[in-house]
Amino acid sequence: MDTLVAQLQRQFRDYTISLYHQGFLDDQFTELKKLQDECSPDFVAEVVSLFFEDCEKLIGNMARALDQTGNVDFNLVGSSVHQLKGSSSSVGAKRVKGLCVTFKECCDSQNFEGCVRCLQQVDIEYKSLKAKLQDLFSLEQQIVQAGGRIPQVDI
Amino acid sequence: MKHNHPLAKEGRERERESRGKIPIHMMEVCNCIEPQWPADELLMKYQYISDFFIAVAYFSIPLELIYFVKKSAVFPYRWVLVQFGAFIVLCGATHLINLWTFTTHSRTVALVMTTAKVLTAVVSCATALMLVHIIPDLLSVKTRELFLKNKAAELDREMGLIRTQEETGRHVRMLTHEIRSTLDRHTILKTTLVELGRTLALEECALWMPTRTGLELQLSYTLRQQHPVNYTVPIQLPVINQVFGTSRAVKISPNSPVARLRPVSGKYLLGEVVAVRVPLLHLSNFQINDWPELSTKRYALMVLMLPSDSARQWHVHELELVEVVADQVAVALSHAAILEESMRARDLLMEQNVALDLARREAETAIRARNDFLAVMNHEMRTPMHAIIALSSLLQETELTPEQRLMVETVLKSSSLLATLMNDVLDLSRLEDGSLQLELGTFNLHTLFREVLNLIKPIAVVKKLPITLNLAPDLPEFVVGDEKRLMQIILNIVGNAVKFSKQGSISVTALVTKSDNRAPPDFFVVPTGSHFYLRVKVKDLGAGINPQDIPKLFTKFAQTQSLATRSSGGSGLGLAISKRFVNLMEGNIWIESDGVGKGCTAIFDVKLGISNESKQSGIPKVPVNPQPGNFAGLKVLVMDENGVSRMVTKGLLVHLGCEVTTVSSNEECLRVVSHEHKVVFMDVCMPGVENYQIALRIHEKFTKRHQRPLLVALTGNTDKSTKEKCMSFGLDGVLLKPVSLDNMRNVLSDLLEHRVLYEAM
């Protein structure tokens, strides 16, 4: 007999597990969840939204820098990538972090086409992660509204 | 013939005076005689001619002399020659002038003649006198010449001899070289014989070796002829003893048995024979630091025969050569022997190595197989076991008839026993492998003893055996060690005491042992700093043990009791396991007994650590669940340029209960940091050393060490250079980002305790 709550909980569990298996998230995200308690109930959501804001800003900087055709400041791009890598590893955004590594290499070798390609990929990636996390959070809200508890998912 | 000259008159006058005498030499007398005798004229003619020739000869001799003397480089008597020459010249002159006096001659000729004669007389007398001195000298020169010739001949002979000797020496060297260049015994001996035969032009050369028994000499090698196999002579012959008695080459008779090698085929004069001993140095004769003594040696005999019918004799230098060669052969043989031995030893070692390797591999395979089996057994057997035990216990709780109850109890007891047995066996095998490790922890020693006693008391009460516990007053309460295993040991020992006592009391004593206590002689306890040695003595007045059986007690599966007492159960593994545990705890265990029926005392020492956190005993050990922070209110400063990671780090620390201030730049950090902050976490991910500079500035700001906050770097790099850089800039610790909650907790507690942390990479 599946109640709505149980259904939602199962959905939540499956979705979370799939995100890990598909490589969108890694252990650091789990650590973040551990930090969420009564004192800071929205900790994860806050961190994650800060991360996406940061992504947007950094990607904007990099796009502007790469637009200066013929006079690209690879150092600027490199430092932005470095920041992005740090942020993504802090929240556990595994795919984004991986892309940043490749991106950094392109910057170091001043490979313009490579940088542009990487930038596009990073953009796509963070947006998709953002969408997925938003889905996850909405599921959580639905569970809470339905009166259930958010299940602990062990990966 | 009539001469009308002035002298003629004189001559005639003189002639008249001495009529009848016509000396032939009176050539100066003018022979104005009428030729009474026509023969006179002939005679005169002859005299004339002879004089002429004499003169010529007299003149030519000095010329020859001069010529030859000039030719010869050295002639000591030139002056004599001159004299001689003068004498001869003057004689010649005289004779020459004589030629003019045949005919009438003037007074000047006579004068000249007279002068010449006078001079000649003077010179010849002088020469005669001189010759008296000179001739002996000349003669002695001759003698010296002869002498020198003799000497030269002698030297020639000697040189010939030396050359021969040198030849021989060269032969010896070559022979030695040949001999020493090979390490094969047969080659050595064959080469020796061949070379000797060649050098000394021998007819036959033979080598006799002692047989295994040492009582006979066997002909082993000959040079020229094939020898019959197993041709032996007894070793005690006098001639052989004579040769063996000295290290020199000895001339022996050609008829002695060792020399009679070939059938005497009509050679009447057998060549001289020489024999020499060859010491055979055996490997065992070489003692380290000692030269081999030659008194107990075996010798071989080398016999050398000169060609028959040659009348050759053995010369001294040839004998010396033979002796030298014999020595060299001995050395070469010993080398060969040593080499053979060492090669044999090496082969043996290799074989043994291979065998050992195989054995080791087999043992490893066996161990692995056994471990696999045990692992499987452990799991597969325990599961049903637990099920049985659990269900039996449950069954016990239900309503049962007395028979059923009895049956269930038996089932329970048996399965408990089986479970214990399995655990014991598993423990023991893990112990033997060395794969068992102690699980150290802090626990209360006093409580442990009381618990053990509580466990044993029921059985002891049933058997009416009072148990007493004495804990020494200086026994620490909180210690560090493997609580479970220590309990196992004590339980085992006390359990044994109860099991094997029918009456009497059992006393358990625990104390801290010092080095002057009685201990087995091979074990001395030295209490070190934070450790001590606990000694537990369990004394009972029960069955006792035969002192002979005591060593067997600790061996596995050995039971010394009779069948009756065997019913008390147990696998005999208890003591063995206890001993292993005690050894793991760096201790020792032994049993003393005065004999059968007189009870026994079991004593063991183990090393335990002293715990300084006595308060901790109250707090039960909680593994990983989030603990209310020991860091409540700890003021921390987080410096990170990256907003996201700054927030994450802050969240982490807040979760642990710290009071966190965040800054996003170096300058802000320096401004904000104060002595209230206990720890500063700084992100050093950005390349370059600017971040590290902040550490130095903080050091400068806080000169007093206790005021300065601890500095920890958060970095994404795991390499050594980062670590070293941090250390060099005065940071107290390095952490790898991202940090997990547990990691951060551990790190903080370590940091606060030790004030330094260089792990967690």
# chains A, B, ... in the order shown; residues from 1 in each chain; ligands from 1
$ interface_residues --of "chain B" --to "chain A" --cutoff "6 Å" --atoms "only C-alpha atoms" --output "number ranges by chain"
B: 644-645, 655, 738, 740
$ write_last_selection --atoms "C-alpha atoms" --output "PDB file, in the first residue's frame"
ATOM      1  CA  VAL B 644      31.202  28.974  -2.209  1.00  0.00           C
ATOM      2  CA  SER B 645      34.007  27.166  -0.489  1.00  0.00           C
ATOM      3  CA  HIS B 655      28.105  22.492  12.627  1.00  0.00           C
ATOM      4  CA  PRO B 738      37.237  19.366   0.349  1.00  0.00           C
ATOM      5  CA  SER B 740      34.725  15.990   5.347  1.00  0.00           C
TER       6      SER B 740
END
$ select_by_dssp --residues "chain A" --states "helix (DSSP H, G or I)" --output "count of residues only"
118
$ closest_residue --among "A:Ala45, A:Leu58, A:Ser109, A:Asp73" --to "Lys130 of chain A" --atoms "only C-alpha atoms"
A:Ala45
$ atom_distance --atom1 "atom CA of Leu440 of chain B" --atom2 "atom CA of Val582 of chain B"
13.9 Å
$ residues_around --residues "Ser128 of chain A" --least-positions-apart "6" --cutoff "12 Å" --atoms "only C-alpha atoms" --output "PDB file with all heavy atoms, in the first residue's frame"
ATOM      1  N   LEU A  19      21.408  10.588  -9.540  1.00  0.00           N
ATOM      2  CA  LEU A  19      22.300  11.736  -9.716  1.00  0.00           C
ATOM      3  C   LEU A  19      23.741  11.359  -9.380  1.00  0.00           C
ATOM      4  O   LEU A  19      24.679  11.757 -10.061  1.00  0.00           O
ATOM      5  CB  LEU A  19      21.858  12.896  -8.811  1.00  0.00           C
ATOM      6  CG  LEU A  19      20.663  13.715  -9.314  1.00  0.00           C
ATOM      7  CD1 LEU A  19      20.351  14.838  -8.336  1.00  0.00           C
ATOM      8  CD2 LEU A  19      20.952  14.312 -10.682  1.00  0.00           C
ATOM      9  N   PHE A  24      26.730  13.331 -11.497  1.00  0.00           N
ATOM     10  CA  PHE A  24      26.492  14.756 -11.308  1.00  0.00           C
ATOM     11  C   PHE A  24      27.001  15.210  -9.956  1.00  0.00           C
ATOM     12  O   PHE A  24      27.444  16.347  -9.792  1.00  0.00           O
ATOM     13  CB  PHE A  24      24.974  15.044 -11.403  1.00  0.00           C
ATOM     14  CG  PHE A  24      24.485  15.076 -12.816  1.00  0.00           C
ATOM     15  CD1 PHE A  24      23.854  13.979 -13.355  1.00  0.00           C
ATOM     16  CD2 PHE A  24      24.682  16.203 -13.590  1.00  0.00           C
ATOM     17  CE1 PHE A  24      23.406  14.012 -14.674  1.00  0.00           C
ATOM     18  CE2 PHE A  24      24.238  16.239 -14.898  1.00  0.00           C
ATOM     19  CZ  PHE A  24      23.588  15.145 -15.458  1.00  0.00           C
ATOM     20  N   PHE A  52      25.612  28.458  -7.965  1.00  0.00           N
ATOM     21  CA  PHE A  52      25.135  28.728  -9.327  1.00  0.00           C
ATOM     22  C   PHE A  52      25.304  30.190  -9.678  1.00  0.00           C
ATOM     23  O   PHE A  52      25.628  30.547 -10.822  1.00  0.00           O
ATOM     24  CB  PHE A  52      23.679  28.285  -9.473  1.00  0.00           C
ATOM     25  CG  PHE A  52      23.539  26.789  -9.481  1.00  0.00           C
ATOM     26  CD1 PHE A  52      22.624  26.147  -8.664  1.00  0.00           C
ATOM     27  CD2 PHE A  52      24.352  26.015 -10.309  1.00  0.00           C
ATOM     28  CE1 PHE A  52      22.518  24.762  -8.673  1.00  0.00           C
ATOM     29  CE2 PHE A  52      24.244  24.639 -10.319  1.00  0.00           C
ATOM     30  CZ  PHE A  52      23.329  24.008  -9.507  1.00  0.00           C
ATOM     31  N   ALA A  93      29.973  19.189  -7.179  1.00  0.00           N
ATOM     32  CA  ALA A  93      29.496  19.122  -8.562  1.00  0.00           C
ATOM     33  C   ALA A  93      30.575  18.441  -9.385  1.00  0.00           C
ATOM     34  O   ALA A  93      31.488  19.068  -9.920  1.00  0.00           O
ATOM     35  CB  ALA A  93      29.225  20.532  -9.077  1.00  0.00           C
ATOM     36  N   ARG A  95      30.777  16.688 -12.289  1.00  0.00           N
ATOM     37  CA  ARG A  95      31.008  16.863 -13.723  1.00  0.00           C
ATOM     38  C   ARG A  95      31.598  18.217 -14.014  1.00  0.00           C
ATOM     39  O   ARG A  95      32.503  18.350 -14.848  1.00  0.00           O
ATOM     40  CB  ARG A  95      29.679  16.737 -14.475  1.00  0.00           C
ATOM     41  CG  ARG A  95      29.298  15.310 -14.722  1.00  0.00           C
ATOM     42  CD  ARG A  95      28.393  15.216 -15.892  1.00  0.00           C
ATOM     43  NE  ARG A  95      27.773  13.913 -15.963  1.00  0.00           N
ATOM     44  CZ  ARG A  95      26.837  13.575 -16.831  1.00  0.00           C
ATOM     45  NH1 ARG A  95      26.385  14.504 -17.670  1.00  0.00           N
ATOM     46  NH2 ARG A  95      26.343  12.375 -16.858  1.00  0.00           N
ATOM     47  N   VAL A  96      31.061  19.215 -13.333  1.00  0.00           N
ATOM     48  CA  VAL A  96      31.566  20.576 -13.566  1.00  0.00           C
ATOM     49  C   VAL A  96      33.048  20.632 -13.212  1.00  0.00           C
ATOM     50  O   VAL A  96      33.861  21.205 -13.944  1.00  0.00           O
ATOM     51  CB  VAL A  96      30.765  21.595 -12.721  1.00  0.00           C
ATOM     52  CG1 VAL A  96      31.302  22.986 -12.930  1.00  0.00           C
ATOM     53  CG2 VAL A  96      29.298  21.529 -13.078  1.00  0.00           C
ATOM     54  N   GLN A 121      30.719  23.827 -22.840  1.00  0.00           N
ATOM     55  CA  GLN A 121      30.346  22.611 -22.100  1.00  0.00           C
ATOM     56  C   GLN A 121      30.026  22.922 -20.651  1.00  0.00           C
ATOM     57  O   GLN A 121      29.070  22.407 -20.076  1.00  0.00           O
ATOM     58  CB  GLN A 121      31.489  21.591 -22.164  1.00  0.00           C
ATOM     59  CG  GLN A 121      31.552  20.865 -23.488  1.00  0.00           C
ATOM     60  CD  GLN A 121      32.773  19.975 -23.573  1.00  0.00           C
ATOM     61  OE1 GLN A 121      33.784  20.220 -22.917  1.00  0.00           O
ATOM     62  NE2 GLN A 121      32.708  18.945 -24.382  1.00  0.00           N
ATOM     63  N   VAL A 122      30.861  23.787 -20.049  1.00  0.00           N
ATOM     64  CA  VAL A 122      30.639  24.140 -18.640  1.00  0.00           C
ATOM     65  C   VAL A 122      29.279  24.793 -18.483  1.00  0.00           C
ATOM     66  O   VAL A 122      28.512  24.497 -17.554  1.00  0.00           O
ATOM     67  CB  VAL A 122      31.765  25.067 -18.135  1.00  0.00           C
ATOM     68  CG1 VAL A 122      31.368  25.735 -16.844  1.00  0.00           C
ATOM     69  CG2 VAL A 122      33.046  24.286 -17.948  1.00  0.00           C
ATOM     70  N   GLN A 134      17.215  21.619  -8.752  1.00  0.00           N
ATOM     71  CA  GLN A 134      15.926  22.272  -8.487  1.00  0.00           C
ATOM     72  C   GLN A 134      14.828  21.223  -8.396  1.00  0.00           C
ATOM     73  O   GLN A 134      13.964  21.273  -7.515  1.00  0.00           O
ATOM     74  CB  GLN A 134      15.608  23.285  -9.585  1.00  0.00           C
ATOM     75  CG  GLN A 134      16.232  24.640  -9.283  1.00  0.00           C
ATOM     76  CD  GLN A 134      16.107  25.611 -10.440  1.00  0.00           C
ATOM     77  OE1 GLN A 134      15.734  25.233 -11.549  1.00  0.00           O
ATOM     78  NE2 GLN A 134      16.405  26.878 -10.180  1.00  0.00           N
ATOM     79  N   ASP A 135      14.870  20.249  -9.292  1.00  0.00           N
ATOM     80  CA  ASP A 135      13.878  19.159  -9.216  1.00  0.00           C
ATOM     81  C   ASP A 135      13.970  18.463  -7.866  1.00  0.00           C
ATOM     82  O   ASP A 135      12.951  18.182  -7.223  1.00  0.00           O
ATOM     83  CB  ASP A 135      14.142  18.135 -10.324  1.00  0.00           C
ATOM     84  CG  ASP A 135      13.718  18.640 -11.678  1.00  0.00           C
ATOM     85  OD1 ASP A 135      12.916  19.589 -11.709  1.00  0.00           O
ATOM     86  OD2 ASP A 135      14.191  18.082 -12.677  1.00  0.00           O
TER      87      ASP A 135
END
$ residues_around --residues "Phe443 of chain B" --least-positions-apart "4" --cutoff "7 Å" --atoms "only C-alpha atoms" --output "ChimeraX atom specification"
/B:478-480,483,617
$ atom_distance --atom1 "atom CA of Lys151 of chain B" --atom2 "atom CA of Lys70 of chain B"
29.7 Å
$ atom_distance --atom1 "atom CA of Ala695 of chain B" --atom2 "atom CA of Ser80 of chain A"
24.7 Å
$ residues_around --residues "Met130 of chain B" --least-positions-apart "3" --cutoff "12 Å" --atoms "only C-alpha atoms" --output "number ranges by chain"
B: 77, 79-84, 123-127, 133-137
$ residues_around --residues "Val654 of chain B" --least-positions-apart "3" --cutoff "10 Å" --atoms "only C-alpha atoms" --output "MDAnalysis selection string"
(chainID A and resid 35 39:40) or (chainID B and resid 629 631:634 636 648:651 657:660)
$ write_last_selection --atoms "all heavy atoms" --output "mmCIF file, in the first residue's frame"
data_model
loop_
_atom_site.group_PDB
_atom_site.id
_atom_site.type_symbol
_atom_site.label_atom_id
_atom_site.label_comp_id
_atom_site.auth_asym_id
_atom_site.auth_seq_id
_atom_site.Cartn_x
_atom_site.Cartn_y
_atom_site.Cartn_z
ATOM 1 N N LEU A 35 25.902 18.684 7.036
ATOM 2 C CA LEU A 35 25.998 19.934 7.787
ATOM 3 C C LEU A 35 24.636 20.580 8.009
ATOM 4 O O LEU A 35 24.517 21.565 8.722
ATOM 5 C CB LEU A 35 26.902 20.908 7.021
ATOM 6 C CG LEU A 35 28.335 20.414 6.804
ATOM 7 C CD1 LEU A 35 29.119 21.434 6.025
ATOM 8 C CD2 LEU A 35 29.011 20.155 8.130
ATOM 9 N N CYS A 39 19.932 23.982 13.222
ATOM 10 C CA CYS A 39 20.422 25.360 13.252
ATOM 11 C C CYS A 39 20.433 25.974 11.853
ATOM 12 O O CYS A 39 20.207 27.176 11.689
ATOM 13 C CB CYS A 39 21.825 25.416 13.825
ATOM 14 S SG CYS A 39 21.986 24.544 15.364
ATOM 15 N N SER A 40 20.791 25.181 10.882
ATOM 16 C CA SER A 40 20.825 25.715 9.521
ATOM 17 C C SER A 40 20.063 24.752 8.611
ATOM 18 O O SER A 40 20.657 23.896 7.958
ATOM 19 C CB SER A 40 22.275 25.879 9.062
ATOM 20 O OG SER A 40 23.052 24.779 9.472
ATOM 21 N N GLY B 629 29.885 19.379 19.807
ATOM 22 C CA GLY B 629 31.290 19.741 19.667
ATOM 23 C C GLY B 629 32.007 19.971 20.983
ATOM 24 O O GLY B 629 31.487 20.606 21.887
ATOM 25 N N PHE B 631 34.212 21.665 20.710
ATOM 26 C CA PHE B 631 34.737 22.950 20.278
ATOM 27 C C PHE B 631 33.709 24.047 20.495
ATOM 28 O O PHE B 631 33.685 25.014 19.779
ATOM 29 C CB PHE B 631 35.090 22.865 18.790
ATOM 30 C CG PHE B 631 35.734 21.575 18.422
ATOM 31 C CD1 PHE B 631 35.105 20.677 17.596
ATOM 32 C CD2 PHE B 631 36.966 21.244 18.946
ATOM 33 C CE1 PHE B 631 35.708 19.480 17.260
ATOM 34 C CE2 PHE B 631 37.571 20.043 18.618
ATOM 35 C CZ PHE B 631 36.935 19.159 17.773
ATOM 36 N N ALA B 632 32.838 23.858 21.472
ATOM 37 C CA ALA B 632 31.769 24.854 21.660
ATOM 38 C C ALA B 632 32.374 26.216 21.898
ATOM 39 O O ALA B 632 33.214 26.394 22.789
ATOM 40 C CB ALA B 632 30.909 24.457 22.848
ATOM 41 N N GLY B 633 31.983 27.121 21.056
ATOM 42 C CA GLY B 633 32.416 28.497 21.261
ATOM 43 C C GLY B 633 33.827 28.771 20.813
ATOM 44 O O GLY B 633 34.360 29.850 21.045
ATOM 45 N N LEU B 634 34.436 27.807 20.169
ATOM 46 C CA LEU B 634 35.816 28.027 19.733
ATOM 47 C C LEU B 634 35.809 29.082 18.647
ATOM 48 O O LEU B 634 35.130 28.964 17.627
ATOM 49 C CB LEU B 634 36.363 26.707 19.199
ATOM 50 C CG LEU B 634 37.812 26.725 18.769
ATOM 51 C CD1 LEU B 634 38.705 26.774 19.988
ATOM 52 C CD2 LEU B 634 38.129 25.479 17.975
ATOM 53 N N VAL B 636 37.011 30.875 15.506
ATOM 54 C CA VAL B 636 37.829 30.521 14.348
ATOM 55 C C VAL B 636 37.679 31.581 13.274
ATOM 56 O O VAL B 636 36.630 32.209 13.153
ATOM 57 C CB VAL B 636 37.362 29.181 13.732
ATOM 58 C CG1 VAL B 636 38.521 28.499 13.081
ATOM 59 C CG2 VAL B 636 36.732 28.300 14.746
ATOM 60 N N VAL B 648 30.996 26.832 2.586
ATOM 61 C CA VAL B 648 31.002 25.420 2.966
ATOM 62 C C VAL B 648 31.853 25.205 4.214
ATOM 63 O O VAL B 648 31.440 24.538 5.163
ATOM 64 C CB VAL B 648 31.531 24.550 1.809
ATOM 65 C CG1 VAL B 648 31.748 23.124 2.255
ATOM 66 C CG2 VAL B 648 30.584 24.602 0.629
ATOM 67 N N THR B 649 33.049 25.804 4.209
ATOM 68 C CA THR B 649 33.932 25.652 5.373
ATOM 69 C C THR B 649 33.273 26.218 6.616
ATOM 70 O O THR B 649 33.319 25.625 7.703
ATOM 71 C CB THR B 649 35.264 26.369 5.113
ATOM 72 O OG1 THR B 649 35.729 26.045 3.824
ATOM 73 C CG2 THR B 649 36.299 25.979 6.136
ATOM 74 N N LYS B 650 32.625 27.406 6.425
ATOM 75 C CA LYS B 650 31.959 28.020 7.578
ATOM 76 C C LYS B 650 30.884 27.079 8.113
ATOM 77 O O LYS B 650 30.778 26.851 9.321
ATOM 78 C CB LYS B 650 31.339 29.342 7.146
ATOM 79 C CG LYS B 650 30.544 29.997 8.259
ATOM 80 C CD LYS B 650 30.010 31.350 7.850
ATOM 81 C CE LYS B 650 29.129 31.882 8.977
ATOM 82 N NZ LYS B 650 28.690 33.249 8.702
ATOM 83 N N GLY B 651 30.085 26.499 7.161
ATOM 84 C CA GLY B 651 29.013 25.605 7.574
ATOM 85 C C GLY B 651 29.557 24.427 8.374
ATOM 86 O O GLY B 651 29.002 24.025 9.396
ATOM 87 N N GLY B 657 30.172 23.497 16.086
ATOM 88 C CA GLY B 657 29.955 24.301 17.276
ATOM 89 C C GLY B 657 30.882 25.494 17.400
ATOM 90 O O GLY B 657 30.885 26.181 18.422
ATOM 91 N N CYS B 658 31.689 25.755 16.383
ATOM 92 C CA CYS B 658 32.617 26.882 16.512
ATOM 93 C C CYS B 658 31.925 28.199 16.210
ATOM 94 O O CYS B 658 30.878 28.252 15.563
ATOM 95 C CB CYS B 658 33.768 26.718 15.516
ATOM 96 S SG CYS B 658 34.594 25.146 15.655
ATOM 97 N N GLU B 659 32.551 29.264 16.645
ATOM 98 C CA GLU B 659 32.091 30.606 16.306
ATOM 99 C C GLU B 659 32.966 31.090 15.176
ATOM 100 O O GLU B 659 34.163 31.320 15.352
ATOM 101 C CB GLU B 659 32.242 31.498 17.547
ATOM 102 C CG GLU B 659 31.264 32.642 17.587
ATOM 103 C CD GLU B 659 31.517 33.466 18.829
ATOM 104 O OE1 GLU B 659 31.238 32.945 19.934
ATOM 105 O OE2 GLU B 659 32.009 34.594 18.697
ATOM 106 N N VAL B 660 32.391 31.246 14.003
ATOM 107 C CA VAL B 660 33.202 31.441 12.800
ATOM 108 C C VAL B 660 33.095 32.863 12.282
ATOM 109 O O VAL B 660 32.011 33.420 12.162
ATOM 110 C CB VAL B 660 32.739 30.481 11.689
ATOM 111 C CG1 VAL B 660 33.613 30.623 10.475
ATOM 112 C CG2 VAL B 660 32.753 29.043 12.182
#
$ closest_residue --among "B:Val278, B:Met585, B:Leu217, B:Leu418" --to "Ala332 of chain B" --atoms "only C-alpha atoms"
B:Val278
$ residues_around --residues "segment 173-186 of chain B" --least-positions-apart "5" --cutoff "9 Å" --atoms "only C-alpha atoms" --output "JSON, numbers by chain"
{"B": [168, 191, 192, 195, 196, 325, 328, 329, 331, 332, 333, 335, 336, 337, 339, 340]}
$ write_last_selection --atoms "N, CA and C atoms" --output "PDB file, in the first residue's frame"
ATOM      1  N   THR B 168     116.220 -24.119 -17.023  1.00  0.00           N
ATOM      2  CA  THR B 168     115.454 -24.988 -16.147  1.00  0.00           C
ATOM      3  C   THR B 168     114.454 -24.183 -15.352  1.00  0.00           C
ATOM      4  N   THR B 191      99.818 -32.815 -16.635  1.00  0.00           N
ATOM      5  CA  THR B 191     100.693 -31.747 -17.116  1.00  0.00           C
ATOM      6  C   THR B 191     102.040 -31.812 -16.410  1.00  0.00           C
ATOM      7  N   THR B 192     101.978 -32.041 -15.104  1.00  0.00           N
ATOM      8  CA  THR B 192     103.235 -32.116 -14.361  1.00  0.00           C
ATOM      9  C   THR B 192     104.154 -33.163 -14.943  1.00  0.00           C
ATOM     10  N   GLU B 195     105.449 -32.231 -18.480  1.00  0.00           N
ATOM     11  CA  GLU B 195     106.418 -31.146 -18.529  1.00  0.00           C
ATOM     12  C   GLU B 195     107.741 -31.553 -17.894  1.00  0.00           C
ATOM     13  N   LEU B 196     107.629 -32.256 -16.796  1.00  0.00           N
ATOM     14  CA  LEU B 196     108.856 -32.710 -16.149  1.00  0.00           C
ATOM     15  C   LEU B 196     109.630 -33.613 -17.089  1.00  0.00           C
ATOM     16  N   VAL B 325     108.854 -28.423  -8.049  1.00  0.00           N
ATOM     17  CA  VAL B 325     107.659 -28.860  -8.780  1.00  0.00           C
ATOM     18  C   VAL B 325     106.722 -29.646  -7.872  1.00  0.00           C
ATOM     19  N   GLN B 328     104.746 -27.254  -5.851  1.00  0.00           N
ATOM     20  CA  GLN B 328     103.723 -26.587  -6.644  1.00  0.00           C
ATOM     21  C   GLN B 328     102.556 -27.502  -6.928  1.00  0.00           C
ATOM     22  N   VAL B 329     102.886 -28.732  -7.208  1.00  0.00           N
ATOM     23  CA  VAL B 329     101.807 -29.691  -7.484  1.00  0.00           C
ATOM     24  C   VAL B 329     100.920 -29.831  -6.257  1.00  0.00           C
ATOM     25  N   VAL B 331     100.334 -27.669  -3.967  1.00  0.00           N
ATOM     26  CA  VAL B 331      99.467 -26.486  -3.841  1.00  0.00           C
ATOM     27  C   VAL B 331      98.333 -26.538  -4.852  1.00  0.00           C
ATOM     28  N   ALA B 332      98.695 -26.851  -6.077  1.00  0.00           N
ATOM     29  CA  ALA B 332      97.669 -26.878  -7.115  1.00  0.00           C
ATOM     30  C   ALA B 332      96.602 -27.918  -6.791  1.00  0.00           C
ATOM     31  N   LEU B 333      97.035 -29.058  -6.310  1.00  0.00           N
ATOM     32  CA  LEU B 333      96.065 -30.100  -5.966  1.00  0.00           C
ATOM     33  C   LEU B 333      95.143 -29.638  -4.855  1.00  0.00           C
ATOM     34  N   HIS B 335      94.325 -26.629  -4.169  1.00  0.00           N
ATOM     35  CA  HIS B 335      93.368 -25.673  -4.739  1.00  0.00           C
ATOM     36  C   HIS B 335      92.249 -26.397  -5.455  1.00  0.00           C
ATOM     37  N   ALA B 336      92.646 -27.384  -6.239  1.00  0.00           N
ATOM     38  CA  ALA B 336      91.628 -28.135  -6.961  1.00  0.00           C
ATOM     39  C   ALA B 336      90.660 -28.782  -5.991  1.00  0.00           C
ATOM     40  N   ALA B 337      91.220 -29.324  -4.907  1.00  0.00           N
ATOM     41  CA  ALA B 337      90.357 -29.979  -3.928  1.00  0.00           C
ATOM     42  C   ALA B 337      89.389 -28.973  -3.314  1.00  0.00           C
ATOM     43  N   LEU B 339      88.377 -26.221  -4.579  1.00  0.00           N
ATOM     44  CA  LEU B 339      87.367 -25.827  -5.559  1.00  0.00           C
ATOM     45  C   LEU B 339      86.289 -26.876  -5.691  1.00  0.00           C
ATOM     46  N   GLU B 340      86.732 -28.137  -5.726  1.00  0.00           N
ATOM     47  CA  GLU B 340      85.738 -29.209  -5.832  1.00  0.00           C
ATOM     48  C   GLU B 340      84.769 -29.142  -4.664  1.00  0.00           C
TER      49      GLU B 340
END
